[in-house]
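Coordinates as given in data_12.tsv (TSV, C-alpha atoms):
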chain	number	residue	atom	x	y	z
P	18	MET	CA	-29.33	24.98	12.11
P	19	HIS	CA	-32.35	25.32	9.85
P	20	LYS	CA	-33.95	28.64	8.97
P	21	GLN	CA	-36.70	28.14	11.55
P	22	ARG	CA	-34.05	27.63	14.22
P	23	ILE	CA	-32.15	30.81	13.46
P	24	LEU	CA	-35.35	32.83	13.22
P	25	LEU	CA	-36.33	31.52	16.65
P	26	LEU	CA	-32.94	32.56	17.98
P	27	LEU	CA	-33.41	36.03	16.55
P	28	VAL	CA	-36.83	36.38	18.15
P	29	LEU	CA	-35.65	35.16	21.53
P	30	LEU	CA	-32.42	37.15	21.55
P	31	CYS	CA	-34.19	40.32	20.52
P	32	ALA	CA	-35.18	40.55	24.17
P	33	THR	CA	-31.58	40.50	25.43
P	34	PRO	CA	-30.07	43.67	26.97
P	35	PHE	CA	-28.28	44.58	23.76
P	36	ALA	CA	-31.53	45.00	21.86
P	37	THR	CA	-32.88	47.49	24.39
P	38	ALA	CA	-31.80	51.01	25.21
P	39	GLN	CA	-30.28	49.76	28.44
P	40	GLN	CA	-27.19	51.67	29.51
P	41	VAL	CA	-23.99	49.64	29.59
P	42	PRO	CA	-21.63	50.71	32.39
P	43	THR	CA	-18.01	51.41	31.52
P	44	SER	CA	-14.94	51.18	33.73
P	45	GLY	CA	-14.88	54.95	33.98
P	46	GLY	CA	-18.31	55.07	35.56
P	47	ALA	CA	-20.00	56.49	32.48
P	48	ALA	CA	-22.66	54.67	30.49
P	49	MET	CA	-22.32	53.05	27.09
P	50	THR	CA	-25.35	52.63	24.85
P	51	PRO	CA	-25.76	49.83	22.28
P	52	GLU	CA	-25.20	52.47	19.61
P	53	GLN	CA	-21.81	53.32	21.11
P	54	ILE	CA	-20.86	49.64	21.20
P	55	MET	CA	-21.55	49.44	17.48
P	56	ASN	CA	-19.86	52.73	16.65
P	57	ASP	CA	-16.57	52.55	18.53
P	58	PRO	CA	-14.24	54.56	16.26
P	59	ASP	CA	-11.21	52.46	17.22
P	60	ILE	CA	-12.71	49.13	16.12
P	61	PRO	CA	-11.29	47.80	12.83
P	62	PHE	CA	-13.91	47.10	10.21
P	63	VAL	CA	-14.32	45.96	6.63
P	64	GLY	CA	-17.12	46.62	4.19
P	65	SER	CA	-19.19	49.65	3.33
P	66	ASN	CA	-18.97	53.02	5.05
P	67	THR	CA	-22.64	53.50	4.16
P	68	ALA	CA	-23.86	50.07	5.24
P	69	ASP	CA	-27.50	49.53	6.10
P	70	VAL	CA	-26.62	46.57	8.35
P	71	THR	CA	-23.64	46.39	10.67
P	72	ILE	CA	-22.34	43.08	11.99
P	73	ALA	CA	-20.06	42.94	15.02
P	74	GLU	CA	-18.19	39.71	15.60
P	75	PHE	CA	-16.62	38.97	18.98
P	76	MET	CA	-13.82	36.61	18.05
P	77	ASP	CA	-10.55	34.92	19.02
P	78	TYR	CA	-7.89	33.66	16.59
P	79	ASN	CA	-7.66	30.39	18.51
P	80	CYS	CA	-11.40	29.75	18.40
P	81	PRO	CA	-12.15	26.86	16.00
P	82	TYR	CA	-15.73	28.02	15.45
P	83	CYS	CA	-14.52	31.52	14.60
P	84	LYS	CA	-12.18	30.01	12.02
P	85	LYS	CA	-14.98	27.89	10.60
P	86	SER	CA	-17.26	30.92	10.24
P	87	HIS	CA	-14.55	33.10	8.72
P	88	SER	CA	-14.94	31.87	5.15
P	89	ALA	CA	-18.72	32.32	5.38
P	90	LEU	CA	-18.28	35.89	6.57
P	91	LYS	CA	-15.85	36.62	3.72
P	92	LYS	CA	-18.38	35.21	1.27
P	93	LEU	CA	-21.09	37.42	2.76
P	94	LEU	CA	-18.89	40.51	2.43
P	95	ALA	CA	-18.16	39.66	-1.20
P	96	SER	CA	-21.83	39.09	-2.03
P	97	ASP	CA	-23.47	41.94	-0.13
P	98	PRO	CA	-22.15	45.50	-0.70
P	99	ARG	CA	-24.49	46.95	1.91
P	100	ILE	CA	-22.96	45.45	5.05
P	101	ARG	CA	-20.14	46.42	7.36
P	102	VAL	CA	-18.33	44.04	9.70
P	103	LEU	CA	-16.72	45.15	12.94
P	104	TYR	CA	-14.08	42.84	14.39
P	105	LYS	CA	-14.33	42.86	18.18
P	106	GLU	CA	-11.05	41.27	19.23
P	107	TRP	CA	-11.89	39.26	22.35
P	108	PRO	CA	-8.90	37.00	23.12
P	109	ILE	CA	-10.27	34.58	25.71
P	110	PHE	CA	-8.11	31.54	24.86
P	111	GLY	CA	-5.00	32.65	26.71
P	112	PRO	CA	-1.79	34.67	26.28
P	113	VAL	CA	-1.05	33.62	22.70
P	114	SER	CA	-4.55	34.65	21.66
P	115	GLU	CA	-3.99	38.05	23.25
P	116	TYR	CA	-0.63	38.38	21.52
P	117	ALA	CA	-2.28	37.65	18.17
P	118	ALA	CA	-5.05	40.16	18.85
P	119	ARG	CA	-2.55	42.87	19.79
P	120	LEU	CA	-0.52	42.36	16.63
P	121	ALA	CA	-3.62	42.25	14.45
P	122	ILE	CA	-4.80	45.57	15.87
P	123	ALA	CA	-1.31	47.05	15.52
P	124	ALA	CA	-1.40	46.16	11.81
P	125	LYS	CA	-4.05	48.86	11.26
P	126	TRP	CA	-1.32	51.50	11.58
P	127	GLN	CA	0.26	50.15	8.42
P	128	GLY	CA	-3.14	49.85	6.76
P	129	ARG	CA	-3.09	46.06	6.84
P	130	TYR	CA	-5.47	45.00	9.57
P	131	ALA	CA	-7.78	43.15	7.17
P	132	ILE	CA	-4.82	41.22	5.74
P	133	ALA	CA	-3.51	40.35	9.21
P	134	HIS	CA	-6.97	39.31	10.40
P	135	ASP	CA	-7.59	37.11	7.37
P	136	ALA	CA	-4.18	35.46	7.67
P	137	LEU	CA	-4.56	34.69	11.37
P	138	MET	CA	-8.14	33.48	11.05
P	139	SER	CA	-7.28	31.33	8.03
P	140	ALA	CA	-4.38	29.58	9.78
P	141	PRO	CA	-5.33	25.90	9.94
P	142	ARG	CA	-4.01	25.14	13.42
P	143	ARG	CA	-4.31	26.59	16.90
P	144	PHE	CA	-1.52	29.02	17.80
P	145	THR	CA	0.51	27.66	20.68
P	146	ALA	CA	3.45	30.11	20.59
P	147	ASN	CA	3.94	33.76	19.73
P	148	GLU	CA	6.42	32.92	16.99
P	149	GLU	CA	3.74	30.94	15.17
P	150	VAL	CA	1.63	34.10	15.07
P	151	ARG	CA	4.57	36.09	13.73
P	152	ALA	CA	5.32	33.49	11.09
P	153	VAL	CA	1.78	33.68	9.71
P	154	LEU	CA	1.88	37.48	9.61
P	155	ARG	CA	5.32	37.45	7.98
P	156	THR	CA	4.06	35.10	5.27
P	157	ALA	CA	1.07	37.40	4.71
P	158	GLY	CA	3.44	40.26	3.91
P	159	ILE	CA	3.06	42.22	7.14
P	160	ASP	CA	6.08	44.43	7.96
P	161	LEU	CA	7.00	42.93	11.34
P	162	LYS	CA	9.52	45.63	12.23
P	163	LYS	CA	6.86	48.32	11.81
P	164	LEU	CA	4.31	46.07	13.47
P	165	ASP	CA	6.44	45.74	16.59
P	166	ALA	CA	7.08	49.48	16.64
P	167	ASP	CA	3.37	50.27	16.28
P	168	ALA	CA	2.40	47.70	18.91
P	169	ALA	CA	4.82	49.35	21.36
P	170	LYS	CA	3.89	52.92	20.44
P	171	HIS	CA	0.16	52.27	20.71
P	172	GLU	CA	0.26	49.76	23.55
P	173	ALA	CA	-1.98	51.83	25.81
P	174	GLU	CA	-4.58	52.32	23.05
P	175	ILE	CA	-4.60	48.62	22.22
P	176	THR	CA	-4.93	47.69	25.89
P	177	LEU	CA	-7.88	50.04	26.33
P	178	LEU	CA	-9.56	48.71	23.19
P	179	LEU	CA	-9.25	45.09	24.34
P	180	ALA	CA	-10.51	46.03	27.79
P	181	ARG	CA	-13.47	47.83	26.23
P	182	ASN	CA	-14.31	44.81	24.08
P	183	ASN	CA	-14.08	42.54	27.12
P	184	LEU	CA	-16.34	44.82	29.17
P	185	GLN	CA	-18.90	44.92	26.36
P	186	ALA	CA	-18.84	41.13	25.99
P	187	GLU	CA	-19.30	40.57	29.70
P	188	THR	CA	-22.01	43.21	30.02
P	189	ILE	CA	-24.16	41.74	27.27
P	190	GLY	CA	-23.66	38.27	28.72
P	191	LEU	CA	-21.50	36.55	26.14
P	192	GLN	CA	-20.29	33.09	27.12
P	193	GLY	CA	-17.77	32.47	24.36
P	194	THR	CA	-16.72	33.04	20.78
P	195	PRO	CA	-17.87	33.62	18.20
P	196	ALA	CA	-20.77	35.86	19.07
P	197	TRP	CA	-22.49	38.16	16.63
P	198	ILE	CA	-24.46	41.35	16.79
P	199	VAL	CA	-26.38	41.66	13.52
P	200	GLY	CA	-28.30	44.90	13.49
P	201	PRO	CA	-30.44	44.67	16.66
P	202	PHE	CA	-29.92	40.93	17.15
P	203	LEU	CA	-27.44	39.14	19.39
P	204	ILE	CA	-26.59	35.61	18.18
P	205	PRO	CA	-24.12	33.28	19.94
P	206	GLY	CA	-22.19	30.52	18.19
P	207	GLY	CA	-20.82	29.76	14.76
P	208	LEU	CA	-22.88	30.69	11.71
P	209	ASP	CA	-22.59	29.50	8.13
P	210	PHE	CA	-23.19	31.61	5.02
P	211	ALA	CA	-26.92	30.90	4.78
P	212	GLN	CA	-27.43	31.68	8.45
P	213	LEU	CA	-25.54	34.97	8.15
P	214	GLN	CA	-27.68	35.88	5.14
P	215	GLU	CA	-30.84	35.09	7.09
P	216	ALA	CA	-29.71	37.19	10.05
P	217	VAL	CA	-28.96	40.15	7.77
P	218	ALA	CA	-32.31	39.78	6.04
P	219	GLU	CA	-34.10	39.76	9.40
P	220	ALA	CA	-32.19	42.86	10.52
P	221	ARG	CA	-33.23	44.66	7.32
P	222	ALA	CA	-36.82	43.55	7.74
P	223	LYS	CA	-36.93	44.77	11.31
P	224	ASP	CA	-35.48	48.12	10.25
P	225	ALA	CA	-38.11	48.43	7.52
P	226	ARG	CA	-40.87	47.85	10.08
P	227	LYS	CA	-39.81	50.82	12.22

Representation of the structure as structure tokens:
Amino acid sequence: MHKQRILLLLVLLCATPFATAQQVPTSGGAAMTPEQIMNDPDIPFVGSNTADVTIAEFMDYNCPYCKKSHSALKKLLASDPRIRVLYKEWPIFGPVSEYAARLAIAAKWQGRYAIAHDALMSAPRRFTANEEVRAVLRTAGIDLKKLDADAAKHEAEITLLLARNNLQAETIGLQGTPAWIVGPFLIPGGLDFAQLQEAVAEARAKDARK
């Protein structure tokens, strides 16, 4: 995708429901604004607490395009101190994907979500069994005994978080992973480093024009 292509995507997708003030219904009958989607306090994130651009990635650990984009996103985080990345766990590739998402989220209670996420996303092959997920986390230094305890203790919270992510994804019309919200822009599909940089630059430019 050349720069002109991604800029066209940004222009077209700016008109999607996410980029408006449209209310997003929740399962409880209340309404969820785009701002609330991007500021869910339970969503794990990496990067700056004072970021001027927030990126939300809807992802699945068994998504090959998510894995391919992962190194580009890490490079962006390392090169740009003014961004924050929210990881919207959206396990759409079956039970093993959901198991991986649940354990990754549970790792935040031992302060190791980012390590768990990186390990699972960097795994070279698709996960076909729960034990494969556990083996990767074990190798990454995650305390599996505490992980299991936290996953059980916080099961209801994790379930609600995954349900919230799924509702958000469906409401804004996502068709698969990865999908990105970069500032006000909604962008489907895998992105490389240059494309992520361009999206961030466009988000900053749009903010400056307000």

Practice task
Excluding region 125-132 of chain P and any residue of its chain fewer than 3 positions from it, enumerate the residues within 12 Å of it, using all atoms listed in the file, and give them as a ChimeraX atom specification.
Solution key: /P:59-64,91,102-104,106,117-122,135-139,153-171,174-175

Problem - Contact residues around region 73-81 of chain P with all atoms listed in the file at 7 Å, ignoring same-chain residues under 5 positions, as number ranges by chain - result: P: 102-110, 114, 137-138, 143-144, 194-199

Completion exercise
Computed gap from CA of Pro201 (chain P) to CA of Ala133 (chain P) is 28.3 Å

Wanna dump the region 53-101 of chain P-region 204-210 of chain P contacts at 8 Å for me, each residue with its shortest atom pair and the distance in Å to one decimal, counting all atoms listed in the file, ordered by chain and number, as JSON lines?
{"residue": "P:Tyr82", "atom": "CA", "partner": "P:Gly207", "partner_atom": "CA", "distance": 5.4}
{"residue": "P:Cys83", "atom": "CA", "partner": "P:Gly207", "partner_atom": "CA", "distance": 6.5}
{"residue": "P:Lys85", "atom": "CA", "partner": "P:Gly207", "partner_atom": "CA", "distance": 7.4}
{"residue": "P:Ser86", "atom": "CA", "partner": "P:Leu208", "partner_atom": "CA", "distance": 5.8}
{"residue": "P:Ala89", "atom": "CA", "partner": "P:Phe210", "partner_atom": "CA", "distance": 4.5}
{"residue": "P:Leu90", "atom": "CA", "partner": "P:Phe210", "partner_atom": "CA", "distance": 6.7}
{"residue": "P:Lys92", "atom": "CA", "partner": "P:Phe210", "partner_atom": "CA", "distance": 7.1}
{"residue": "P:Leu93", "atom": "CA", "partner": "P:Phe210", "partner_atom": "CA", "distance": 6.6}

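Put simply, CA of Leu191 (chain P) is 14.0 Å away from CA of Ile54 (chain P).
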
Exercise for the section: Please provide the set of residues having any atom within 8 Å of Ala68 (chain P), restricted to all atoms listed in the file, with same-chain residues fewer than 3 positions apart removed, written as a PyMOL selection string. Expected result: chain P and resi 64-65+71+98-101

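From CA of Glu187 (chain P) back to CA of Ala220 (chain P), the distance works out to 23.2 Å.
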
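Of the residues listed (P:Glu215, P:Gly190, P:Ala140, P:Glu148), P:Ala140 shows the shortest atom-to-atom separation from His87 (chain P); distances use only C-alpha atoms.
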
Each side padded by 3 Å, which centre and which edge lengths in Å (one decimal) define the axis-aligned box around the listed atoms of region 131-136 of chain P? Give them as AutoDock Vina command-line options.
--center_x -5.6 --center_y 39.3 --center_z 8.1 --size_x 10.3 --size_y 13.7 --size_z 10.7

Can region 100-130 of chain P be brought up to N, CA and C atoms and written out as an mmCIF file, keeping the file's coordinate frame?
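Listing of part_10.cif after writing:
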data_model
loop_
_atom_site.group_PDB
_atom_site.id
_atom_site.type_symbol
_atom_site.label_atom_id
_atom_site.label_comp_id
_atom_site.auth_asym_id
_atom_site.auth_seq_id
_atom_site.Cartn_x
_atom_site.Cartn_y
_atom_site.Cartn_z
ATOM 1 N N ILE P 100 -23.245 45.788 3.655
ATOM 2 C CA ILE P 100 -22.960 45.450 5.050
ATOM 3 C C ILE P 100 -21.585 45.945 5.464
ATOM 4 N N ARG P 101 -21.416 46.069 6.760
ATOM 5 C CA ARG P 101 -20.140 46.420 7.360
ATOM 6 C C ARG P 101 -19.899 45.449 8.504
ATOM 7 N N VAL P 102 -18.669 44.986 8.649
ATOM 8 C CA VAL P 102 -18.330 44.040 9.700
ATOM 9 C C VAL P 102 -17.296 44.653 10.629
ATOM 10 N N LEU P 103 -17.637 44.698 11.913
ATOM 11 C CA LEU P 103 -16.720 45.150 12.940
ATOM 12 C C LEU P 103 -16.084 43.932 13.596
ATOM 13 N N TYR P 104 -14.775 43.951 13.741
ATOM 14 C CA TYR P 104 -14.080 42.840 14.390
ATOM 15 C C TYR P 104 -13.779 43.220 15.833
ATOM 16 N N LYS P 105 -14.518 42.621 16.751
ATOM 17 C CA LYS P 105 -14.330 42.860 18.180
ATOM 18 C C LYS P 105 -13.348 41.822 18.703
ATOM 19 N N GLU P 106 -12.082 42.186 18.741
ATOM 20 C CA GLU P 106 -11.050 41.270 19.230
ATOM 21 C C GLU P 106 -11.323 40.969 20.706
ATOM 22 N N TRP P 107 -11.582 39.692 20.987
ATOM 23 C CA TRP P 107 -11.890 39.260 22.350
ATOM 24 C C TRP P 107 -11.072 37.994 22.648
ATOM 25 N N PRO P 108 -9.793 38.155 22.959
ATOM 26 C CA PRO P 108 -8.900 37.000 23.120
ATOM 27 C C PRO P 108 -9.097 36.307 24.469
ATOM 28 N N ILE P 109 -9.905 35.277 24.473
ATOM 29 C CA ILE P 109 -10.270 34.580 25.710
ATOM 30 C C ILE P 109 -9.579 33.217 25.833
ATOM 31 N N PHE P 110 -8.736 32.858 24.847
ATOM 32 C CA PHE P 110 -8.110 31.540 24.860
ATOM 33 C C PHE P 110 -6.665 31.587 25.351
ATOM 34 N N GLY P 111 -6.310 32.622 26.104
ATOM 35 C CA GLY P 111 -5.000 32.650 26.710
ATOM 36 C C GLY P 111 -4.031 33.659 26.132
ATOM 37 N N PRO P 112 -2.785 33.657 26.640
ATOM 38 C CA PRO P 112 -1.790 34.670 26.280
ATOM 39 C C PRO P 112 -1.456 34.724 24.794
ATOM 40 N N VAL P 113 -1.390 33.592 24.124
ATOM 41 C CA VAL P 113 -1.050 33.620 22.700
ATOM 42 C C VAL P 113 -2.187 34.258 21.902
ATOM 43 N N SER P 114 -3.414 33.999 22.302
ATOM 44 C CA SER P 114 -4.550 34.650 21.660
ATOM 45 C C SER P 114 -4.469 36.163 21.826
ATOM 46 N N GLU P 115 -4.111 36.603 23.031
ATOM 47 C CA GLU P 115 -3.990 38.050 23.250
ATOM 48 C C GLU P 115 -2.855 38.631 22.425
ATOM 49 N N TYR P 116 -1.745 37.912 22.340
ATOM 50 C CA TYR P 116 -0.630 38.380 21.520
ATOM 51 C C TYR P 116 -1.065 38.547 20.068
ATOM 52 N N ALA P 117 -1.802 37.575 19.545
ATOM 53 C CA ALA P 117 -2.280 37.650 18.170
ATOM 54 C C ALA P 117 -3.221 38.835 17.983
ATOM 55 N N ALA P 118 -4.107 39.041 18.945
ATOM 56 C CA ALA P 118 -5.050 40.160 18.850
ATOM 57 C C ALA P 118 -4.317 41.491 18.859
ATOM 58 N N ARG P 119 -3.315 41.621 19.716
ATOM 59 C CA ARG P 119 -2.550 42.870 19.790
ATOM 60 C C ARG P 119 -1.829 43.157 18.479
ATOM 61 N N LEU P 120 -1.228 42.134 17.889
ATOM 62 C CA LEU P 120 -0.520 42.360 16.630
ATOM 63 C C LEU P 120 -1.495 42.644 15.495
ATOM 64 N N ALA P 121 -2.620 41.986 15.490
ATOM 65 C CA ALA P 121 -3.620 42.250 14.450
ATOM 66 C C ALA P 121 -4.082 43.704 14.515
ATOM 67 N N ILE P 122 -4.381 44.172 15.722
ATOM 68 C CA ILE P 122 -4.800 45.570 15.870
ATOM 69 C C ILE P 122 -3.678 46.510 15.469
ATOM 70 N N ALA P 123 -2.455 46.192 15.861
ATOM 71 C CA ALA P 123 -1.310 47.050 15.520
ATOM 72 C C ALA P 123 -1.132 47.162 14.009
ATOM 73 N N ALA P 124 -1.556 46.140 13.270
ATOM 74 C CA ALA P 124 -1.400 46.160 11.810
ATOM 75 C C ALA P 124 -2.228 47.268 11.154
ATOM 76 N N LYS P 125 -3.225 47.798 11.873
ATOM 77 C CA LYS P 125 -4.050 48.860 11.260
ATOM 78 C C LYS P 125 -3.237 50.117 11.019
ATOM 79 N N TRP P 126 -2.136 50.298 11.773
ATOM 80 C CA TRP P 126 -1.320 51.500 11.580
ATOM 81 C C TRP P 126 -0.409 51.394 10.363
ATOM 82 N N GLN P 127 -0.384 50.245 9.739
ATOM 83 C CA GLN P 127 0.260 50.150 8.420
ATOM 84 C C GLN P 127 -0.781 49.820 7.363
ATOM 85 N N GLY P 128 -2.051 50.033 7.711
ATOM 86 C CA GLY P 128 -3.140 49.850 6.760
ATOM 87 C C GLY P 128 -3.364 48.415 6.344
ATOM 88 N N ARG P 129 -3.020 47.457 7.232
ATOM 89 C CA ARG P 129 -3.090 46.060 6.840
ATOM 90 C C ARG P 129 -3.824 45.192 7.863
ATOM 91 N N TYR P 130 -4.730 45.804 8.593
ATOM 92 C CA TYR P 130 -5.470 45.000 9.570
ATOM 93 C C TYR P 130 -6.227 43.867 8.887
#
